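Undergrad: Hey, dropping run31.pdb in here, PDB, C-alpha atoms and all ligand atoms:
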ATOM      1  CA  MET S   1     134.952 120.421 115.584  1.00  0.00           C
ATOM      2  CA  ARG S   2     137.859 118.635 117.293  1.00  0.00           C
ATOM      3  CA  GLY S   3     138.942 115.212 115.994  1.00  0.00           C
ATOM      4  CA  ASP S   4     137.568 113.269 118.984  1.00  0.00           C
ATOM      5  CA  ASP S   5     134.249 115.196 118.844  1.00  0.00           C
ATOM      6  CA  ARG S   6     133.995 114.387 115.154  1.00  0.00           C
ATOM      7  CA  ALA S   7     134.575 110.662 115.818  1.00  0.00           C
ATOM      8  CA  ARG S   8     131.966 110.664 118.601  1.00  0.00           C
ATOM      9  CA  ARG S   9     129.408 112.383 116.366  1.00  0.00           C
ATOM     10  CA  ALA S  10     130.140 109.964 113.501  1.00  0.00           C
ATOM     11  CA  ASP S  11     129.579 106.986 115.862  1.00  0.00           C
ATOM     12  CA  ALA S  12     126.311 108.462 117.170  1.00  0.00           C
ATOM     13  CA  LEU S  13     125.095 108.993 113.603  1.00  0.00           C
ATOM     14  CA  ARG S  14     126.111 105.494 112.515  1.00  0.00           C
ATOM     15  CA  ALA S  15     124.156 103.988 115.430  1.00  0.00           C
ATOM     16  CA  LEU S  16     121.040 105.604 113.933  1.00  0.00           C
ATOM     17  CA  GLY S  17     121.822 104.458 110.384  1.00  0.00           C
ATOM     18  CA  LEU S  18     123.194 107.834 109.275  1.00  0.00           C
ATOM     19  CA  GLY S  19     126.513 108.548 107.540  1.00  0.00           C
ATOM     20  CA  ASP S  20     128.907 111.061 106.016  1.00  0.00           C
ATOM     21  CA  GLU S  21     126.258 113.250 104.365  1.00  0.00           C
ATOM     22  CA  ASP S  22     124.569 113.671 107.740  1.00  0.00           C
ATOM     23  CA  LEU S  23     127.820 114.455 109.508  1.00  0.00           C
ATOM     24  CA  ALA S  24     128.497 117.131 106.875  1.00  0.00           C
ATOM     25  CA  ALA S  25     124.971 118.533 107.386  1.00  0.00           C
ATOM     26  CA  TRP S  26     125.546 118.676 111.163  1.00  0.00           C
ATOM     27  CA  ARG S  27     128.772 120.598 110.635  1.00  0.00           C
ATOM     28  CA  GLU S  28     127.088 122.951 108.166  1.00  0.00           C
ATOM     29  CA  SER S  29     124.314 123.653 110.666  1.00  0.00           C
ATOM     30  CA  ALA S  30     126.942 125.405 112.838  1.00  0.00           C
ATOM     31  CA  LEU S  31     124.789 124.634 115.891  1.00  0.00           C
ATOM     32  CA  PRO S  32     126.499 124.399 119.274  1.00  0.00           C
ATOM     33  CA  GLU S  33     127.573 120.911 120.434  1.00  0.00           C
ATOM     34  CA  GLU S  34     124.838 120.731 123.076  1.00  0.00           C
ATOM     35  CA  ARG S  35     122.179 120.882 120.327  1.00  0.00           C
ATOM     36  CA  PHE S  36     123.422 117.689 118.631  1.00  0.00           C
ATOM     37  CA  ASP S  37     120.834 115.350 120.195  1.00  0.00           C
ATOM     38  CA  ASP S  38     117.980 117.673 119.214  1.00  0.00           C
ATOM     39  CA  TRP S  39     119.386 118.092 115.735  1.00  0.00           C
ATOM     40  CA  VAL S  40     119.736 114.336 115.207  1.00  0.00           C
ATOM     41  CA  THR S  41     116.206 113.708 116.530  1.00  0.00           C
ATOM     42  CA  ASP S  42     114.911 116.110 113.885  1.00  0.00           C
ATOM     43  CA  ARG S  43     117.104 114.677 111.159  1.00  0.00           C
ATOM     44  CA  VAL S  44     115.988 111.073 111.780  1.00  0.00           C
ATOM     45  CA  ALA S  45     112.337 111.355 112.747  1.00  0.00           C
ATOM     46  CA  ARG S  46     110.909 114.601 114.154  1.00  0.00           C
ATOM     47  CA  ARG S  47     111.466 116.581 110.925  1.00  0.00           C
ATOM     48  CA  PRO S  48     113.224 114.137 108.609  1.00  0.00           C
ATOM     49  CA  SER S  49     115.754 115.428 106.106  1.00  0.00           C
ATOM     50  CA  GLY S  50     118.624 114.161 103.967  1.00  0.00           C
ATOM     51  CA  SER S  51     118.934 111.306 101.474  1.00  0.00           C
ATOM     52  CA  ARG S  52     118.852 108.620 104.193  1.00  0.00           C
ATOM     53  CA  ALA S  53     115.537 109.975 105.509  1.00  0.00           C
ATOM     54  CA  ARG S  54     114.098 110.036 101.997  1.00  0.00           C
ATOM     55  CA  GLU S  55     115.230 106.425 101.498  1.00  0.00           C
ATOM     56  CA  VAL S  56     113.790 105.260 104.849  1.00  0.00           C
ATOM     57  CA  TYR S  57     110.420 107.019 104.628  1.00  0.00           C
ATOM     58  CA  GLY S  58     109.964 106.285 100.932  1.00  0.00           C
ATOM     59  CA  ALA S  59     110.536 102.530 101.406  1.00  0.00           C
ATOM     60  CA  GLU S  60     107.632 100.091 101.302  1.00  0.00           C
ATOM     61  CA  ASP S  61     108.356  98.842 104.839  1.00  0.00           C
ATOM     62  CA  ALA S  62     108.415 102.328 106.428  1.00  0.00           C
ATOM     63  CA  HIS S  63     106.239 101.853 109.521  1.00  0.00           C
ATOM     64  CA  ASP S  64     104.142  99.361 107.555  1.00  0.00           C
ATOM     65  CA  PHE S  65     102.827  97.856 110.842  1.00  0.00           C
ATOM     66  CA  ALA S  66     101.329 101.258 111.785  1.00  0.00           C
ATOM     67  CA  ARG S  67     100.029 101.926 108.292  1.00  0.00           C
ATOM     68  CA  ARG S  68      98.225  98.578 108.135  1.00  0.00           C
ATOM     69  CA  ALA S  69      96.712  98.968 111.615  1.00  0.00           C
ATOM     70  CA  ILE S  70      95.414 102.462 110.793  1.00  0.00           C
ATOM     71  CA  LEU S  71      93.993 101.535 107.398  1.00  0.00           C
ATOM     72  CA  ASP S  72      92.296  98.429 108.830  1.00  0.00           C
ATOM     73  CA  ALA S  73      90.738 100.549 111.585  1.00  0.00           C
ATOM     74  CA  LEU S  74      89.553 103.326 109.259  1.00  0.00           C
ATOM     75  CA  ALA S  75      88.197 101.011 106.520  1.00  0.00           C
ATOM     76  CA  LEU S  76      88.203 103.868 104.025  1.00  0.00           C
ATOM     77  CA  GLY S  77      85.934 103.926 100.982  1.00  0.00           C
ATOM     78  CA  PRO S  78      84.978 106.219  98.093  1.00  0.00           C
ATOM     79  CA  ASP S  79      82.842 108.457 100.350  1.00  0.00           C
ATOM     80  CA  ASP S  80      85.798 109.301 102.566  1.00  0.00           C
ATOM     81  CA  HIS S  81      88.196 112.211 102.627  1.00  0.00           C
ATOM     82  CA  LEU S  82      91.218 111.348 104.772  1.00  0.00           C
ATOM     83  CA  LEU S  83      93.619 113.795 106.373  1.00  0.00           C
ATOM     84  CA  GLU S  84      96.989 112.349 107.387  1.00  0.00           C
ATOM     85  CA  VAL S  85      98.906 114.484 109.871  1.00  0.00           C
ATOM     86  CA  GLY S  86     102.689 113.996 109.648  1.00  0.00           C
ATOM     87  CA  CYS S  87     102.450 112.048 106.398  1.00  0.00           C
ATOM     88  CA  GLY S  88     106.198 111.429 105.992  1.00  0.00           C
ATOM     89  CA  GLY S  89     106.902 109.659 102.688  1.00  0.00           C
ATOM     90  CA  GLY S  90     103.214 109.377 101.747  1.00  0.00           C
ATOM     91  CA  LEU S  91     102.690 105.610 101.611  1.00  0.00           C
ATOM     92  CA  LEU S  92      99.579 105.706 103.793  1.00  0.00           C
ATOM     93  CA  LEU S  93      98.153 108.411 101.511  1.00  0.00           C
ATOM     94  CA  ARG S  94      98.934 106.252  98.488  1.00  0.00           C
ATOM     95  CA  ASP S  95      97.141 103.253 100.029  1.00  0.00           C
ATOM     96  CA  ALA S  96      94.186 105.432 101.071  1.00  0.00           C
ATOM     97  CA  LEU S  97      93.803 106.595  97.461  1.00  0.00           C
ATOM     98  CA  ALA S  98      93.764 102.952  96.341  1.00  0.00           C
ATOM     99  CA  SER S  99      90.641 102.424  98.484  1.00  0.00           C
ATOM    100  CA  GLY S 100      88.851 105.092  96.422  1.00  0.00           C
ATOM    101  CA  ALA S 101      89.012 107.775  99.126  1.00  0.00           C
ATOM    102  CA  ARG S 102      90.267 111.331  98.637  1.00  0.00           C
ATOM    103  CA  ALA S 103      93.477 111.923 100.566  1.00  0.00           C
ATOM    104  CA  THR S 104      95.206 115.009 101.948  1.00  0.00           C
ATOM    105  CA  GLY S 105      98.469 115.052 103.869  1.00  0.00           C
ATOM    106  CA  ILE S 106     100.409 117.604 105.856  1.00  0.00           C
ATOM    107  CA  ASP S 107     103.916 117.531 107.261  1.00  0.00           C
ATOM    108  CA  HIS S 108     106.233 120.215 108.597  1.00  0.00           C
ATOM    109  CA  SER S 109     109.216 118.703 106.735  1.00  0.00           C
ATOM    110  CA  GLU S 110     109.495 120.135 103.218  1.00  0.00           C
ATOM    111  CA  GLU S 111     111.486 117.111 102.101  1.00  0.00           C
ATOM    112  CA  MET S 112     108.756 114.741 103.305  1.00  0.00           C
ATOM    113  CA  VAL S 113     106.071 116.772 101.527  1.00  0.00           C
ATOM    114  CA  GLU S 114     108.077 116.530  98.315  1.00  0.00           C
ATOM    115  CA  LEU S 115     108.513 112.775  98.743  1.00  0.00           C
ATOM    116  CA  ALA S 116     104.850 112.214  99.632  1.00  0.00           C
ATOM    117  CA  SER S 117     103.772 114.196  96.564  1.00  0.00           C
ATOM    118  CA  GLU S 118     105.778 111.747  94.435  1.00  0.00           C
ATOM    119  CA  ARG S 119     104.627 108.594  96.239  1.00  0.00           C
ATOM    120  CA  ALA S 120     100.932 109.581  96.358  1.00  0.00           C
ATOM    121  CA  SER S 121     100.527 111.685  93.254  1.00  0.00           C
ATOM    122  CA  GLY S 122      96.723 111.845  93.509  1.00  0.00           C
ATOM    123  CA  ALA S 123      96.805 113.296  97.026  1.00  0.00           C
ATOM    124  CA  GLU S 124      96.942 116.922  98.049  1.00  0.00           C
ATOM    125  CA  VAL S 125     100.062 117.324 100.199  1.00  0.00           C
ATOM    126  CA  MET S 126     101.329 120.485 101.846  1.00  0.00           C
ATOM    127  CA  VAL S 127     103.736 121.879 104.405  1.00  0.00           C
ATOM    128  CA  ALA S 128     101.812 122.666 107.594  1.00  0.00           C
ATOM    129  CA  LYS S 129     101.933 122.209 111.358  1.00  0.00           C
ATOM    130  CA  ALA S 130      99.781 119.697 113.195  1.00  0.00           C
ATOM    131  CA  GLU S 131      99.075 122.379 115.817  1.00  0.00           C
ATOM    132  CA  SER S 132      97.423 124.693 113.284  1.00  0.00           C
ATOM    133  CA  LEU S 133      95.750 122.786 110.459  1.00  0.00           C
ATOM    134  CA  PRO S 134      95.094 124.949 107.383  1.00  0.00           C
ATOM    135  CA  PHE S 135      91.617 123.535 106.718  1.00  0.00           C
ATOM    136  CA  GLN S 136      88.024 124.550 107.276  1.00  0.00           C
ATOM    137  CA  SER S 137      86.061 122.915 110.056  1.00  0.00           C
ATOM    138  CA  GLU S 138      84.394 119.579 109.211  1.00  0.00           C
ATOM    139  CA  ALA S 139      86.376 119.121 105.997  1.00  0.00           C
ATOM    140  CA  PHE S 140      87.325 115.444 106.545  1.00  0.00           C
ATOM    141  CA  THR S 141      85.618 112.147 107.348  1.00  0.00           C
ATOM    142  CA  ALA S 142      88.788 110.517 108.723  1.00  0.00           C
ATOM    143  CA  VAL S 143      92.118 111.507 110.276  1.00  0.00           C
ATOM    144  CA  ALA S 144      95.269 109.379 110.599  1.00  0.00           C
ATOM    145  CA  MET S 145      98.572 109.804 112.409  1.00  0.00           C
ATOM    146  CA  ALA S 146     101.367 107.203 112.250  1.00  0.00           C
ATOM    147  CA  ILE S 147     104.361 107.539 114.626  1.00  0.00           C
ATOM    148  CA  VAL S 148     103.828 111.290 114.972  1.00  0.00           C
ATOM    149  CA  PHE S 149     101.940 111.670 118.248  1.00  0.00           C
ATOM    150  CA  PHE S 150     105.101 110.836 120.194  1.00  0.00           C
ATOM    151  CA  PHE S 151     106.749 114.017 118.884  1.00  0.00           C
ATOM    152  CA  LEU S 152     103.923 116.420 119.731  1.00  0.00           C
ATOM    153  CA  ASP S 153     104.644 118.837 122.586  1.00  0.00           C
ATOM    154  CA  ASP S 154     100.985 119.871 122.812  1.00  0.00           C
ATOM    155  CA  PRO S 155      98.941 116.746 121.998  1.00  0.00           C
ATOM    156  CA  GLY S 156      95.713 118.259 123.363  1.00  0.00           C
ATOM    157  CA  ARG S 157      95.948 121.125 120.919  1.00  0.00           C
ATOM    158  CA  VAL S 158      96.635 118.799 117.979  1.00  0.00           C
ATOM    159  CA  LEU S 159      93.737 116.501 118.905  1.00  0.00           C
ATOM    160  CA  GLY S 160      91.529 119.594 119.153  1.00  0.00           C
ATOM    161  CA  GLU S 161      92.597 120.611 115.654  1.00  0.00           C
ATOM    162  CA  CYS S 162      91.933 117.083 114.340  1.00  0.00           C
ATOM    163  CA  ARG S 163      88.479 117.115 115.928  1.00  0.00           C
ATOM    164  CA  ARG S 164      87.707 120.560 114.472  1.00  0.00           C
ATOM    165  CA  VAL S 165      88.427 119.502 110.884  1.00  0.00           C
ATOM    166  CA  MET S 166      86.399 116.270 111.187  1.00  0.00           C
ATOM    167  CA  ARG S 167      82.730 115.801 110.437  1.00  0.00           C
ATOM    168  CA  ARG S 168      80.618 114.437 113.267  1.00  0.00           C
ATOM    169  CA  GLY S 169      80.763 110.645 113.138  1.00  0.00           C
ATOM    170  CA  GLY S 170      84.158 110.676 111.405  1.00  0.00           C
ATOM    171  CA  ARG S 171      86.923 108.264 112.489  1.00  0.00           C
ATOM    172  CA  VAL S 172      90.371 108.984 113.843  1.00  0.00           C
ATOM    173  CA  ALA S 173      93.166 106.404 114.088  1.00  0.00           C
ATOM    174  CA  ILE S 174      96.480 107.219 115.743  1.00  0.00           C
ATOM    175  CA  TYR S 175      99.349 104.766 116.085  1.00  0.00           C
ATOM    176  CA  THR S 176     102.056 105.612 118.593  1.00  0.00           C
ATOM    177  CA  THR S 177     104.900 104.048 120.532  1.00  0.00           C
ATOM    178  CA  GLY S 178     104.157 102.978 124.096  1.00  0.00           C
ATOM    179  CA  PRO S 179     106.403 103.426 127.144  1.00  0.00           C
ATOM    180  CA  GLU S 180     107.295  99.705 127.120  1.00  0.00           C
ATOM    181  CA  LEU S 181     109.330 100.344 123.951  1.00  0.00           C
ATOM    182  CA  ARG S 182     111.501 103.082 125.430  1.00  0.00           C
ATOM    183  CA  GLY S 183     115.168 102.358 124.708  1.00  0.00           C
ATOM    184  CA  THR S 184     114.413  99.597 122.144  1.00  0.00           C
ATOM    185  CA  PRO S 185     115.065  99.999 118.380  1.00  0.00           C
ATOM    186  CA  ALA S 186     111.508 101.408 118.118  1.00  0.00           C
ATOM    187  CA  ALA S 187     112.434 104.325 120.419  1.00  0.00           C
ATOM    188  CA  PRO S 188     116.202 104.585 120.816  1.00  0.00           C
ATOM    189  CA  GLU S 189     118.116 107.357 122.530  1.00  0.00           C
ATOM    190  CA  PRO S 190     118.479 110.270 122.070  1.00  0.00           C
ATOM    191  CA  ILE S 191     115.057 110.236 120.368  1.00  0.00           C
ATOM    192  CA  ALA S 192     113.285 108.530 123.290  1.00  0.00           C
ATOM    193  CA  SER S 193     114.180 111.339 125.704  1.00  0.00           C
ATOM    194  CA  ARG S 194     112.867 113.966 123.308  1.00  0.00           C
ATOM    195  CA  GLY S 195     109.433 112.433 122.764  1.00  0.00           C
ATOM    196  CA  HIS S 196     106.352 111.720 124.856  1.00  0.00           C
ATOM    197  CA  PHE S 197     105.146 108.296 125.981  1.00  0.00           C
ATOM    198  CA  TYR S 198     101.607 107.719 127.283  1.00  0.00           C
ATOM    199  CA  SER S 199      99.875 104.880 129.052  1.00  0.00           C
ATOM    200  CA  ASP S 200      96.833 103.470 127.234  1.00  0.00           C
ATOM    201  CA  GLN S 201      94.609 105.245 129.757  1.00  0.00           C
ATOM    202  CA  GLU S 202      96.354 108.600 129.211  1.00  0.00           C
ATOM    203  CA  LEU S 203      95.881 108.305 125.452  1.00  0.00           C
ATOM    204  CA  ALA S 204      92.178 107.570 125.831  1.00  0.00           C
ATOM    205  CA  ASP S 205      91.767 110.472 128.264  1.00  0.00           C
ATOM    206  CA  LEU S 206      93.486 112.896 125.877  1.00  0.00           C
ATOM    207  CA  ALA S 207      91.092 111.896 123.094  1.00  0.00           C
ATOM    208  CA  ARG S 208      88.016 112.229 125.328  1.00  0.00           C
ATOM    209  CA  ARG S 209      89.115 115.687 126.462  1.00  0.00           C
ATOM    210  CA  ALA S 210      89.297 116.707 122.782  1.00  0.00           C
ATOM    211  CA  ASP S 211      85.616 115.717 122.398  1.00  0.00           C
ATOM    212  CA  PHE S 212      86.152 112.328 120.734  1.00  0.00           C
ATOM    213  CA  HIS S 213      83.771 109.464 121.531  1.00  0.00           C
ATOM    214  CA  ASP S 214      83.853 105.638 121.452  1.00  0.00           C
ATOM    215  CA  THR S 215      87.518 105.847 122.342  1.00  0.00           C
ATOM    216  CA  THR S 216      89.526 102.621 122.360  1.00  0.00           C
ATOM    217  CA  VAL S 217      93.231 101.894 122.712  1.00  0.00           C
ATOM    218  CA  ARG S 218      94.594  98.576 121.484  1.00  0.00           C
ATOM    219  CA  ASN S 219      98.120  97.833 122.661  1.00  0.00           C
ATOM    220  CA  GLU S 220     100.073  95.102 120.896  1.00  0.00           C
ATOM    221  CA  GLN S 221     103.556  94.657 122.329  1.00  0.00           C
ATOM    222  CA  GLY S 222     103.879  98.373 122.972  1.00  0.00           C
ATOM    223  CA  GLY S 223     102.430  99.562 119.664  1.00  0.00           C
ATOM    224  CA  GLN S 224      99.354 101.591 120.647  1.00  0.00           C
ATOM    225  CA  LEU S 225      96.430 102.153 118.284  1.00  0.00           C
ATOM    226  CA  LEU S 226      94.025 104.842 119.471  1.00  0.00           C
ATOM    227  CA  THR S 227      90.710 104.919 117.626  1.00  0.00           C
ATOM    228  CA  ALA S 228      87.698 107.134 118.227  1.00  0.00           C
ATOM    229  CA  HIS S 229      84.753 108.892 116.584  1.00  0.00           C
ATOM    230  CA  ALA S 230      84.221 112.626 116.238  1.00  0.00           C
TER     231      ALA S 230
HETATM  232  C1  LIG H   1     108.571 109.322 112.432  1.00  0.00           C
HETATM  233  S1  LIG H   1     107.975 110.237 111.075  1.00  0.00           S
HETATM  234  C2  LIG H   1     106.597 109.223 110.528  1.00  0.00           C
HETATM  235  C3  LIG H   1     106.224 109.504 109.102  1.00  0.00           C
HETATM  236  C4  LIG H   1     105.062 108.683 108.566  1.00  0.00           C
HETATM  237  N1  LIG H   1     103.828 109.002 109.257  1.00  0.00           N
HETATM  238  C5  LIG H   1     105.369 107.225 108.679  1.00  0.00           C
HETATM  239  O1  LIG H   1     104.686 106.519 109.441  1.00  0.00           O
HETATM  240  O2  LIG H   1     106.292 106.751 107.994  1.00  0.00           O
HETATM  241  C6  LIG H   1     107.152 111.620 111.854  1.00  0.00           C
HETATM  242  C7  LIG H   1     106.621 112.605 110.826  1.00  0.00           C
HETATM  243  O3  LIG H   1     105.807 113.561 111.470  1.00  0.00           O
HETATM  244  C8  LIG H   1     106.190 114.860 111.051  1.00  0.00           C
HETATM  245  N2  LIG H   1     105.863 115.780 112.154  1.00  0.00           N
HETATM  246  C9  LIG H   1     106.308 115.702 113.429  1.00  0.00           C
HETATM  247  N3  LIG H   1     105.788 116.693 114.177  1.00  0.00           N
HETATM  248  C10 LIG H   1     105.000 117.422 113.343  1.00  0.00           C
HETATM  249  C11 LIG H   1     104.195 118.585 113.531  1.00  0.00           C
HETATM  250  N4  LIG H   1     104.101 119.194 114.726  1.00  0.00           N
HETATM  251  N5  LIG H   1     103.511 119.071 112.461  1.00  0.00           N
HETATM  252  C12 LIG H   1     103.622 118.471 111.251  1.00  0.00           C
HETATM  253  N6  LIG H   1     104.368 117.367 111.007  1.00  0.00           N
HETATM  254  C13 LIG H   1     105.052 116.843 112.044  1.00  0.00           C
HETATM  255  C14 LIG H   1     107.671 114.743 110.752  1.00  0.00           C
HETATM  256  O4  LIG H   1     108.149 115.742 109.895  1.00  0.00           O
HETATM  257  C15 LIG H   1     107.748 113.358 110.135  1.00  0.00           C
HETATM  258  O5  LIG H   1     107.558 113.350 108.752  1.00  0.00           O
END
Show this structure as C-alpha cells.
TA:
Amino acid sequence: MRGDDRARRADALRALGLGDEDLAAWRESALPEERFDDWVTDRVARRPSGSRAREVYGAEDAHDFARRAILDALALGPDDHLLEVGCGGGLLLRDALASGARATGIDHSEEMVELASERASGAEVMVAKAESLPFQSEAFTAVAMAIVFFFLDDPGRVLGECRRVMRRGGRVAIYTTGPELRGTPAAPEPIASRGHFYSDQELADLARRADFHDTTVRNEQGGQLLTAHA
C-alpha cells in the first residue's frame, strides 16, 4: 500500500472507531483496494471481527435501545424458547434467559458466537446463516433480530426461514434502521450504501408475504420495530 493510501485508509477506519489492529488486518487480507468499503462494512457490523468489535458488541450499551424494544414486545416467559438471528455479543440472549425462557442464538461471525457464548452461558449459540437456519420446523415460540435485517440481501428468504422454525401463534420482533437515518451515526457510510432500508409499509408487506399475521411496525425517530405472529 502506498503512503497516501495508507493514510486514507487509517482515516476511514478512525472515523468508524477502528485503529491500528484493524489497519493491520486490512493489509493482511491482501484484498484489492476497491474491496475496502465492503471489508470495513463486514469488520464493523455485517460480520464483526477484531478486538474493537468484541469490545463494542460485548458492552452493556450495545444496541440497548433495540434490545429493550424487542424484549418488551416479546414479553418472554418460562414457556418460551427464543431464537435470536444475528445475536452478536449475546446480550439479548442473556436477558432472555433472565426471563426464564430458553434461548438459542445464531450468527455467521465466529468471533460473535464465541463472545455470545461467554455473555449468555446458558444459551445454545452456534455459527449459522440466517438464510438457512439449522433447526427443525416449529422449534421456537419467539424469534428476534436486532440491527441485522438491514444487512440481509434476501429478507424474504430469511423471514420464510424464521416463520418455518416458529410454532403457530409464536411472536417475532425485528428492530431495524429506517431510511430517515441514512448517513447519520446510526447508518454511516460506507455501511449505509451496503445495506437495505425499507419504509414501514415495505417491512409490513415483507412479513405478510412470509405468512406472518397481526403485523405492526412502530417507527420511533427512524428506529423501526416490526412485530407479528406466526
Ligand atoms: C450490527 S450487528 C448486531 C448484533 C446484535 N444483534 C446487536 O444488536 O448488538 C449484526 C450481526 O448480524 C450478524 N449477521 C449479519 N448477517 C447475517 C446472516 N446473513 N446470517 C447470520 N448472521 C448475520 C453479524 O455477524 C452481526 O453479528
Undergrad: Enumerate, as a PyMOL selection string, the residues matched when the PyMOL selection byres (((not hetatm)) within 6 of (chain H and resi 1)) is run on the file above.
TA: chain S and resi 45-48+57+62-63+86-88+107-109+112+128-130+146-148+151-152
Undergrad: Taking the file above as input, evaluate the PyMOL selection byres (((chain S and resi 41) around 12) and not hetatm) and report the hits as a PyMOL selection string.
TA: chain S and resi 12-13+16+18+26+35-40+42-49+53+151+187-195
Undergrad: Point out the residue among S:Phe212, S:Phe135, S:Phe140, S:Tyr198 with the least atom-to-atom distance to Ala101 (chain S), counting only C-alpha atoms.
TA: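 Smallest distance to Ala101 (chain S) is found for S:Phe140.
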Undergrad: Produce the centre coordinates and the three edge lengths, each in Å to one decimal, of the box along x, y and z that contains all listed atoms of region 82-88 of chain S with 8 Å added on each side, as JSON.
TA:
{"center_x": 98.7, "center_y": 112.9, "center_z": 107.3, "size_x": 31.0, "size_y": 19.1, "size_z": 21.1}
Undergrad: Hey, what's within 10 Å of Leu92 (chain S) if we count all atoms listed in the file and toss same-chain stuff fewer than 5 positions away? As an mmCIF file with C-alpha atoms, in the coordinates of the input, please?
TA:
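Saved the output as part08.cif:
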data_model
loop_
_atom_site.group_PDB
_atom_site.id
_atom_site.type_symbol
_atom_site.label_atom_id
_atom_site.label_comp_id
_atom_site.auth_asym_id
_atom_site.auth_seq_id
_atom_site.Cartn_x
_atom_site.Cartn_y
_atom_site.Cartn_z
ATOM 1 C CA ALA S 62 108.415 102.328 106.428
ATOM 2 C CA HIS S 63 106.239 101.853 109.521
ATOM 3 C CA ASP S 64 104.142 99.361 107.555
ATOM 4 C CA ALA S 66 101.329 101.258 111.785
ATOM 5 C CA ARG S 67 100.029 101.926 108.292
ATOM 6 C CA ARG S 68 98.225 98.578 108.135
ATOM 7 C CA ILE S 70 95.414 102.462 110.793
ATOM 8 C CA LEU S 71 93.993 101.535 107.398
ATOM 9 C CA GLU S 84 96.989 112.349 107.387
ATOM 10 C CA CYS S 87 102.450 112.048 106.398
ATOM 11 C CA LEU S 97 93.803 106.595 97.461
ATOM 12 C CA ALA S 98 93.764 102.952 96.341
ATOM 13 C CA ALA S 103 93.477 111.923 100.566
ATOM 14 C CA GLY S 105 98.469 115.052 103.869
ATOM 15 C CA ALA S 116 104.850 112.214 99.632
ATOM 16 C CA ARG S 119 104.627 108.594 96.239
ATOM 17 C CA ALA S 120 100.932 109.581 96.358
ATOM 18 C CA ALA S 144 95.269 109.379 110.599
ATOM 19 C CA MET S 145 98.572 109.804 112.409
ATOM 20 C CA ALA S 146 101.367 107.203 112.250
#
Undergrad: Which residues, named as in the file, does the PyMOL selection byres (((chain S and resi 76) around 12) and not hetatm) pick out? Answer as a count of residues only.
TA: 33
Undergrad: Pick from S:Leu23, S:Gln224, S:Gly178, S:Ala230: nearest to Glu161 (chain S), with all atoms listed in the file counted?
TA: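 With all atoms listed in the file as the atom set, the closest residue is S:Ala230.
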Undergrad: Which residues, protein or nucleic acid, reach to within 8 Å of (90.4, 118.3, 112.9) in the file's coordinates when using all atoms listed in the file, and can you give that as a ChimeraX atom specification?
TA: /S:133,137-138,140,143,159-166
